[in-house]
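K.L.:
One structure, as structure tokens, below. Some questions next.
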Amino acid sequence: GNLPRRSAMLRRCWSGALRRSQVRTVSSVAPNEETLRIKLAACFRWAARLGFNTLVANHLSVAVSEDGKRFLIQPDGMHWSRIRASDLILCDVDKPEILNNADPRQRPEDTAWYLHSHLHMKVPQARCVMHTHMPYITSLSCLADPTLRMIHQHSCKFYGRVAYDPDFSGLALTDDEGARTASLVGDKDILIMCNHGVMVMGETIEEAFDDLCLLETAAQYQLLAMQTGKELTEIPDHIAKMTRDAWNPKKLAADFLREVMLILDVEEPEYKQ
């Protein structure tokens with residue numbers, strides 16, 4: 001079938017020209033928990049406007065401890081458009097009994113726990129983790145060749161930053177599956193999960209959210225171009241790398257989330273509560 005060919009192709013991709021030259025380091029200055037809550041709540045609200053959530057599923061989280069064992073995530077079954085800063089649950093990897101809490105507002109969704117806990121603990125660059133089934137990047141993940149092609153400057157932002165999980169293994173309901181997923185990331189900060197969706201990781205909420213939005217745009221351009229049936233014009237590796245390196249991700253990401261929050265301050269001020 002297609003899966004063995006896809007696995008071999010993607011492994012070649014990981015070991016080839018798309019490998020990043022440097023691993024990002026985690027910032028030594030961490031914002032306080034209240035600030036993280038407000039920023040993440042803003043991302044939930046804006047992502048809901050963009051249609052990035054699937055009903056009440058998918059998950060956004062941010063680590064609040066240096067070792068990644070403590071992280072904020074939304075409660076089970078709550079729609080993203082309603083989430084407030086105070087709704088976010090503080091999880092502790094050493095206290096898995098939270099999954100047995102009878103109140104869904106006091107527990108995370110099971111797959112969120114198993115995926116995000118392992119990523120926060122085991123992937124240094126995964127301070128913020130955003131998992132979605134956004135339509136375009138998820139559609140790309142369902143192709144026999146799910147490679148994000150360097151065909152637009154937005155695509156180039158992700159040059160050398162994408163890993164792939166070619167082996168869909170069902171719902172992530174065990175520590176083994178969470179650990180397997182984390183093991184695939186390496187020095188990347190995007191994981192395209194074939195037949196599933198995407199995992200976007202960042203040192204900050206701002207950077208992860210900016211990547212989430214631009215990644216969906218890049219996938220949209222690629223799929224729309226593919227629908228023409230004509231050959232794609234791919235950007236050479238050295239130009240794609242130069243474009244990526246010329247990006248100012250921290251400033252642009254901070255500007256974007258600042259503007260999102262200013263809009264929400266007027267239109268949905270309760271997100272900060």
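Simple scheme: letters A, B, ... for chains in structure tokens order, numbers from 1 for residues in each chain, numbers from 1 for ligands in the order shown.
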Using only C-alpha atoms, which residues sit within 6 Å of stretch 111-118 of chain A once same-chain residues fewer than 3 positions away are excluded, as an NGL selection string?
P.N.:
:A and (121-122 or 172-173 or 175 or 178-179)
K.L.:
Determine, using only C-alpha atoms, which residues of stretch 105-187 of chain A have any atom at most 12 Å from an atom of stretch 200-219 of chain A, and tabulate each with its shortest atom pair and distance in Å to one decimal place, rows ordered by chain and then rising number, as JSON lines.
P.N.:
```
{"residue": "A:His116", "atom": "CA", "partner": "A:Met201", "partner_atom": "CA", "distance": 10.2}
{"residue": "A:Leu119", "atom": "CA", "partner": "A:Met201", "partner_atom": "CA", "distance": 8.8}
{"residue": "A:His120", "atom": "CA", "partner": "A:Met201", "partner_atom": "CA", "distance": 9.3}
{"residue": "A:Val123", "atom": "CA", "partner": "A:Met201", "partner_atom": "CA", "distance": 9.0}
{"residue": "A:Pro124", "atom": "CA", "partner": "A:Glu203", "partner_atom": "CA", "distance": 8.3}
{"residue": "A:Gln125", "atom": "CA", "partner": "A:Glu203", "partner_atom": "CA", "distance": 5.3}
{"residue": "A:Ala126", "atom": "CA", "partner": "A:Met201", "partner_atom": "CA", "distance": 4.8}
{"residue": "A:Arg127", "atom": "CA", "partner": "A:Glu203", "partner_atom": "CA", "distance": 5.0}
{"residue": "A:Cys128", "atom": "CA", "partner": "A:Gly202", "partner_atom": "CA", "distance": 5.2}
{"residue": "A:Val129", "atom": "CA", "partner": "A:Met201", "partner_atom": "CA", "distance": 4.6}
{"residue": "A:Met130", "atom": "CA", "partner": "A:Val200", "partner_atom": "CA", "distance": 5.1}
{"residue": "A:His131", "atom": "CA", "partner": "A:Val200", "partner_atom": "CA", "distance": 6.3}
{"residue": "A:Thr132", "atom": "CA", "partner": "A:Val200", "partner_atom": "CA", "distance": 8.5}
{"residue": "A:His133", "atom": "CA", "partner": "A:Glu216", "partner_atom": "CA", "distance": 10.0}
{"residue": "A:Met134", "atom": "CA", "partner": "A:Glu216", "partner_atom": "CA", "distance": 6.9}
{"residue": "A:Pro135", "atom": "CA", "partner": "A:Glu216", "partner_atom": "CA", "distance": 8.0}
{"residue": "A:Tyr136", "atom": "CA", "partner": "A:Ala219", "partner_atom": "CA", "distance": 5.5}
{"residue": "A:Ile137", "atom": "CA", "partner": "A:Ala219", "partner_atom": "CA", "distance": 5.2}
{"residue": "A:Thr138", "atom": "CA", "partner": "A:Ala219", "partner_atom": "CA", "distance": 8.7}
{"residue": "A:Ser139", "atom": "CA", "partner": "A:Ala219", "partner_atom": "CA", "distance": 8.6}
{"residue": "A:Leu140", "atom": "CA", "partner": "A:Ala219", "partner_atom": "CA", "distance": 6.9}
{"residue": "A:Ser141", "atom": "CA", "partner": "A:Ala219", "partner_atom": "CA", "distance": 9.8}
{"residue": "A:Pro146", "atom": "CA", "partner": "A:Ala219", "partner_atom": "CA", "distance": 10.0}
{"residue": "A:Thr147", "atom": "CA", "partner": "A:Ala219", "partner_atom": "CA", "distance": 9.8}
{"residue": "A:Leu148", "atom": "CA", "partner": "A:Ala219", "partner_atom": "CA", "distance": 7.0}
{"residue": "A:Arg149", "atom": "CA", "partner": "A:Ala219", "partner_atom": "CA", "distance": 8.6}
{"residue": "A:Met150", "atom": "CA", "partner": "A:Ala218", "partner_atom": "CA", "distance": 8.9}
{"residue": "A:Ile151", "atom": "CA", "partner": "A:Ala218", "partner_atom": "CA", "distance": 8.5}
{"residue": "A:His152", "atom": "CA", "partner": "A:Ala218", "partner_atom": "CA", "distance": 7.2}
{"residue": "A:Gln153", "atom": "CA", "partner": "A:Ala218", "partner_atom": "CA", "distance": 8.4}
{"residue": "A:His154", "atom": "CA", "partner": "A:Ala218", "partner_atom": "CA", "distance": 5.6}
{"residue": "A:Ser155", "atom": "CA", "partner": "A:Ala218", "partner_atom": "CA", "distance": 5.1}
{"residue": "A:Cys156", "atom": "CA", "partner": "A:Ala218", "partner_atom": "CA", "distance": 8.8}
{"residue": "A:Lys157", "atom": "CA", "partner": "A:Leu214", "partner_atom": "CA", "distance": 8.5}
{"residue": "A:Phe158", "atom": "CA", "partner": "A:Leu215", "partner_atom": "CA", "distance": 7.8}
{"residue": "A:Tyr159", "atom": "CA", "partner": "A:Leu215", "partner_atom": "CA", "distance": 11.2}
{"residue": "A:Arg161", "atom": "CA", "partner": "A:Val200", "partner_atom": "CA", "distance": 10.3}
{"residue": "A:Val162", "atom": "CA", "partner": "A:Val200", "partner_atom": "CA", "distance": 9.4}
{"residue": "A:Ala163", "atom": "CA", "partner": "A:Val200", "partner_atom": "CA", "distance": 10.4}
{"residue": "A:Tyr164", "atom": "CA", "partner": "A:Val200", "partner_atom": "CA", "distance": 11.8}
{"residue": "A:Ala182", "atom": "CA", "partner": "A:Met201", "partner_atom": "CA", "distance": 11.1}
{"residue": "A:Val185", "atom": "CA", "partner": "A:Met201", "partner_atom": "CA", "distance": 9.6}
{"residue": "A:Gly186", "atom": "CA", "partner": "A:Met201", "partner_atom": "CA", "distance": 11.7}
{"residue": "A:Asp187", "atom": "CA", "partner": "A:Met201", "partner_atom": "CA", "distance": 10.8}
```
K.L.:
Within 7 Å of stretch 76-92 of chain A, counting only C-alpha atoms, which residues qualify if same-chain residues fewer than 4 places away don't, as a list in words?
P.N.:
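So the residues in contact are Arg37, Ile38, Ala41, Phe44, Arg45, Ala48, Leu55, Val56, Lys69, Arg70, Phe71, Leu72, Pro104, Arg105, Gln106, Arg107, Pro108, Glu109, Glu270, Tyr271, Lys272 and Gln273 of chain A.
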K.L.:
Quick one: write out the picked residues with C-alpha atoms as a PDB file, in the first residue's frame?
P.N.:
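Saved file result39.pdb follows:
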```
ATOM      1  CA  ARG A  37      -3.443  31.992  31.031  1.00  0.00           C
ATOM      2  CA  ILE A  38      -4.603  35.219  29.394  1.00  0.00           C
ATOM      3  CA  ALA A  41      -7.219  32.014  26.321  1.00  0.00           C
ATOM      4  CA  PHE A  44      -8.371  29.712  21.917  1.00  0.00           C
ATOM      5  CA  ARG A  45     -10.861  32.481  21.148  1.00  0.00           C
ATOM      6  CA  ALA A  48     -12.227  29.359  17.157  1.00  0.00           C
ATOM      7  CA  LEU A  55     -16.221  20.721  17.711  1.00  0.00           C
ATOM      8  CA  VAL A  56     -14.936  20.670  21.323  1.00  0.00           C
ATOM      9  CA  LYS A  69       5.732  18.566  34.114  1.00  0.00           C
ATOM     10  CA  ARG A  70       3.211  21.261  34.973  1.00  0.00           C
ATOM     11  CA  PHE A  71       1.185  22.754  32.140  1.00  0.00           C
ATOM     12  CA  LEU A  72      -2.051  24.620  31.428  1.00  0.00           C
ATOM     13  CA  PRO A 104     -15.168  17.617  33.303  1.00  0.00           C
ATOM     14  CA  ARG A 105     -14.279  21.238  34.053  1.00  0.00           C
ATOM     15  CA  GLN A 106     -11.512  19.976  36.321  1.00  0.00           C
ATOM     16  CA  ARG A 107      -9.916  17.407  34.024  1.00  0.00           C
ATOM     17  CA  PRO A 108      -8.261  17.418  30.589  1.00  0.00           C
ATOM     18  CA  GLU A 109      -9.403  15.276  27.698  1.00  0.00           C
ATOM     19  CA  GLU A 270     -14.358  38.165  29.338  1.00  0.00           C
ATOM     20  CA  TYR A 271     -11.548  36.001  27.910  1.00  0.00           C
ATOM     21  CA  LYS A 272      -9.236  37.570  30.502  1.00  0.00           C
ATOM     22  CA  GLN A 273     -11.397  36.576  33.452  1.00  0.00           C
TER      23      GLN A 273
END
```
K.L.:
Mind listing the strand (DSSP E) residues of stretch 9-141 of chain A, per DSSP on the backbone, as a list in words?
P.N.:
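Matching residues for strand (DSSP E) in stretch 9-141 of chain A are His59, Leu60, Ser61, Val62, Ala63, Arg70, Phe71, Leu72, Ile73, Ile89, Leu90, Cys91, Asp92, Cys128, Val129, Met130, His131 and Thr132 of chain A.
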K.L.:
To one decimal in Å, tell me the separation between atom CA of A:Leu223 and atom CA of A:Lys188.
P.N.:
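So the two atoms, atom CA of A:Leu223 and atom CA of A:Lys188, lie 22.8 Å apart.
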K.L.:
Quick check for you: according to DSSP on this backbone, which residues of stretch 145-249 of chain A are classed as alpha helix (DSSP H)? Reply as an MDAnalysis selection string.
P.N.:
chainID A and resid 153:156 175:183 205:227 237:246 249
K.L.:
Provide the atom CA of A:Thr174 to atom CA of A:Cys142 distance in Å, to one decimal place.
P.N.:
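Atom CA of A:Cys142 lies 23.2 Å from atom CA of A:Thr174.
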K.L.:
Do a neighbour search on stretch 252-261 of chain A at 7 Å with only C-alpha atoms, toss out local chain neighbours closer than 2 positions, and write the hits as a VMD selection string.
P.N.:
chain A and resid 42 206 to 207 210 248 to 250 263 to 265
K.L.:
Can you spit out the residues from that selection as an mmCIF file, in the first residue's frame, using N, CA, C and O atoms?
P.N.:
```cif
data_model
loop_
_atom_site.group_PDB
_atom_site.id
_atom_site.type_symbol
_atom_site.label_atom_id
_atom_site.label_comp_id
_atom_site.auth_asym_id
_atom_site.auth_seq_id
_atom_site.Cartn_x
_atom_site.Cartn_y
_atom_site.Cartn_z
ATOM 1 N N ALA A 42 -6.690 33.858 24.815
ATOM 2 C CA ALA A 42 -6.853 34.659 23.598
ATOM 3 C C ALA A 42 -6.650 33.799 22.357
ATOM 4 O O ALA A 42 -7.388 33.929 21.367
ATOM 5 N N GLU A 206 3.217 33.071 21.724
ATOM 6 C CA GLU A 206 3.177 33.916 20.533
ATOM 7 C C GLU A 206 3.734 33.207 19.310
ATOM 8 O O GLU A 206 3.125 33.213 18.236
ATOM 9 N N GLU A 207 4.903 32.585 19.467
ATOM 10 C CA GLU A 207 5.547 31.947 18.321
ATOM 11 C C GLU A 207 4.773 30.723 17.845
ATOM 12 O O GLU A 207 4.640 30.492 16.639
ATOM 13 N N ASP A 210 1.563 32.010 15.997
ATOM 14 C CA ASP A 210 1.916 32.574 14.702
ATOM 15 C C ASP A 210 2.212 31.461 13.694
ATOM 16 O O ASP A 210 1.736 31.480 12.555
ATOM 17 N N ASN A 248 11.632 37.470 11.061
ATOM 18 C CA ASN A 248 11.825 37.937 12.440
ATOM 19 C C ASN A 248 10.678 37.373 13.273
ATOM 20 O O ASN A 248 9.723 38.081 13.607
ATOM 21 N N PRO A 249 10.744 36.075 13.607
ATOM 22 C CA PRO A 249 9.561 35.407 14.163
ATOM 23 C C PRO A 249 9.111 35.956 15.511
ATOM 24 O O PRO A 249 7.910 36.045 15.770
ATOM 25 N N LYS A 250 10.041 36.312 16.368
ATOM 26 C CA LYS A 250 9.635 36.772 17.699
ATOM 27 C C LYS A 250 8.861 38.082 17.614
ATOM 28 O O LYS A 250 7.821 38.241 18.265
ATOM 29 N N ILE A 263 -8.112 43.368 19.964
ATOM 30 C CA ILE A 263 -9.454 43.179 19.388
ATOM 31 C C ILE A 263 -10.365 42.477 20.395
ATOM 32 O O ILE A 263 -11.513 42.883 20.619
ATOM 33 N N LEU A 264 -9.852 41.422 21.023
ATOM 34 C CA LEU A 264 -10.651 40.688 21.999
ATOM 35 C C LEU A 264 -10.972 41.540 23.221
ATOM 36 O O LEU A 264 -12.031 41.371 23.846
ATOM 37 N N ASP A 265 -10.072 42.441 23.581
ATOM 38 C CA ASP A 265 -10.333 43.339 24.723
ATOM 39 C C ASP A 265 -11.619 44.122 24.507
ATOM 40 O O ASP A 265 -12.347 44.431 25.459
#
```
K.L.:
Can you tell me how far atom CA of A:Ala47 sits from atom CA of A:Val266, in Å to one decimal?
P.N.:
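According to the coordinates, atom CA of A:Ala47 and atom CA of A:Val266 are separated by 17.0 Å.
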